[in-house]
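Q: Got a structure for you, questions after.
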Amino acid sequence: MAPLVPKSGDAIFASIDRVNAELFTLTYGAMVRQLLTDLEEVDVVNKQLDQMGYNIGVRLIDEFLAKSNVSRCVDFKETADVIAKVGLKMFLGVTASVSNWDPEGSSFSLVLDDNPLVDFVELPDTFQGLHYCNILSGVIRGALEMVSMKTEITWIRDMLHGDDAYELRVKLLKQIPEEYPYKDDE
Amino acid sequence: MIGVGKIKHYTNLLEKPLSRGRQEVSLSAFAFLFSELVQYNQTQVDNIAELERRLEDAGYAVGARVLELLCHREKVADSLEKGTEHEDEYMISEKELLVNRFISIPKDMGAFNCGAFVAGIVKGVLDSAGFPAVVTAHFVPMEGQQRPRTTILIKFAEEANAIEACMLQRYILDQVALELNVDLVTQTEVAHLRDLEDQVAAKQIKGETQVETTGGKEQLISKQLQDPSHVLEGLNMRARAKIIGRTNYEVSS
């Protein structure tokens with residue numbers, strides 16, 4: 001099989017079907033609103049968003065790998081770049097930047113200046129603890145777990161709370177070796 | 001050097017300039033999001049009717065906001081199908097509705113249609129514009145096609161039946177369909193309207209008074225809308241001609 005050439009985020013984004021970002025933004029808003037009405041507690045909603053993101057992430061990774069032709073990442077640094085430049089571009093149409101690597105190279109910050117999920121959104125005072133885009137952290141966590149990386153993701157900066165950008169801290173907890181459901185010698 | 005080249009961040013959301021209908025996200029991102037929305041709602045309800053209701057409510061919220069955005073943008077209108085049974089029924093139909101494309105319905109859910117979400121969007125738009133309507137989504141089986149076509153049926157409430165209201169409803173529906181990336185079905189009535197359009201254009205060149213007579217009607221329409229000037233400003237020449245054509249069609253017949 002000929003070696004597959006990884007495509008750039010822009011090229012993939014141009015080749016796939018796209019929809020109006022506003023529809024996407026408004027649908028997400030409707031979903032968050034539903035969650036807030038049903039669950040009421042901000043922490044519970046945050047968790048639910050993360051869980052939903054996780055569910056999306058585990059399926060999204062398949063599509064990502066299929067469409068982007070990236071080869072196995074050599075190290076975590078490469079993973080970070082791939083997420084920021086290819087992954088986010090492919091699905092959300094925006095790129096992020098990677099920064100603030102810690103000395104061991106096991107955690108980094110993903111910084112987004114532009115985020116289609118939060119267009120037209122303002123948080124009222126009663127929901128100040130809400131991480132509106134928590135679905136993103138779930139998506140990344142779920143996707144990485146499917147490629148054998150267990151991570152922990154937290155929000156550092158959030159524009160809806162008054163900061164100037166969105167910053168996610170992604171920390172690699174451990175690499176899980178692939179386990180096969182059967183043993184060869186049995 | 002702090003602040004050089006920094007993007008200006010607005011403290012108040014309302015002061016932020018409206019972005020130019022930018023962008024797009026991938027279809028799969030929307031599909032994933034929508035599937036999670038449906039799955040979450042499934043856990044909250046006991047039966048299909050309630051599930052559709054919840055999706056419709058979610059769509060309603062979207063629709064109400066979509067109208068705000070539409071009023072601030074200029075778009076070329078397309079076409080729309082009119083139901084044959086009743087004067088006040090319209091249909092938007094789509095072979096493979098965006099929301100249904102990646103959803104499979106298990107057998108025990110029978111007649112459930114995720115188009116309820118889209119129906120909610122349309123309802124939201126119409127309600128916010130002041131034209132209350134009952135909007136539902138239906139599967140219409142088509143011969144020779146595996147998957148049924150989805151039709152959004154719009155039945156306007158009694159009070160929305162004035163001619164002026166009809167014109168605006170039509171315009172708004174066109175815009176909504178565009179926003180939803182729905183391909184509309186052309187139909188003989190539209191062909192007729194195109195003929196009228198040509199006639200009107202010809203008559204305008206001759207200097208007849210079609211444009212003036214609709215001036216009064218435009219003002220009437222303005223009163224019915226919450227944000228009148230934007231919608232009317234957004235009308236491009238073709239849409240204008242269509243509306244004028246329709247007025248004449250109604251009045252003369």
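Every chain in the structure tokens has a letter given in the order shown (A, B, ...), and although residue numbers restart at 1 in each chain, ligands are simply numbered from 1 in the order shown.
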Once you count only C-alpha atoms, which residues of chain B turn out to be within 7 Å of chain A? Could you give them as an mmCIF file with C-alpha atoms, in the first residue's frame?

A:
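Result written to out-v5.cif:
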data_model
loop_
_atom_site.group_PDB
_atom_site.id
_atom_site.type_symbol
_atom_site.label_atom_id
_atom_site.label_comp_id
_atom_site.auth_asym_id
_atom_site.auth_seq_id
_atom_site.Cartn_x
_atom_site.Cartn_y
_atom_site.Cartn_z
ATOM 1 C CA LEU B 13 -21.955 41.546 23.458
ATOM 2 C CA GLN B 23 -18.308 30.877 8.176
ATOM 3 C CA GLU B 24 -19.027 27.373 7.944
ATOM 4 C CA VAL B 25 -18.341 24.365 10.049
ATOM 5 C CA SER B 26 -18.106 20.846 8.806
ATOM 6 C CA LEU B 27 -21.326 18.979 8.232
ATOM 7 C CA ALA B 29 -19.624 18.580 13.359
ATOM 8 C CA PHE B 30 -23.245 19.571 13.059
ATOM 9 C CA PHE B 32 -22.467 14.864 15.746
ATOM 10 C CA GLU B 36 -26.054 14.148 20.903
ATOM 11 C CA LEU B 37 -28.992 16.490 21.205
ATOM 12 C CA ALA B 58 -35.130 23.426 20.610
ATOM 13 C CA ALA B 61 -35.332 28.759 19.964
ATOM 14 C CA VAL B 62 -32.982 28.552 17.009
#

Q: Need to verify the contact set: Asp81 of chain A, 12 Å, only C-alpha atoms, exclusion of same-chain residues closer than 2 positions in sequence. Can you return it as a list in words?

A: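 Counting only C-alpha atoms, the residues come to Ser8, Gly9, Val70, Cys73, Val74, Asp75, Phe76, Lys77, Glu78, Thr79, Ile83, Ala84, Lys85, Val86, Gly87, Leu88, Lys89, Thr95, Ala96, Ser97, Val98, Ser99, Trp101, Phe108, Ser109, Leu110 and Val111 of chain A.
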
Q: Can you pull out every residue from segment 1-183 of chain A that DSSP, working from the backbone, puts in helix (DSSP H, G or I), and format the result as number ranges by chain?

A: A: 9-15, 21-39, 42-68, 76-92, 116-118, 125-127, 134-146, 159-161
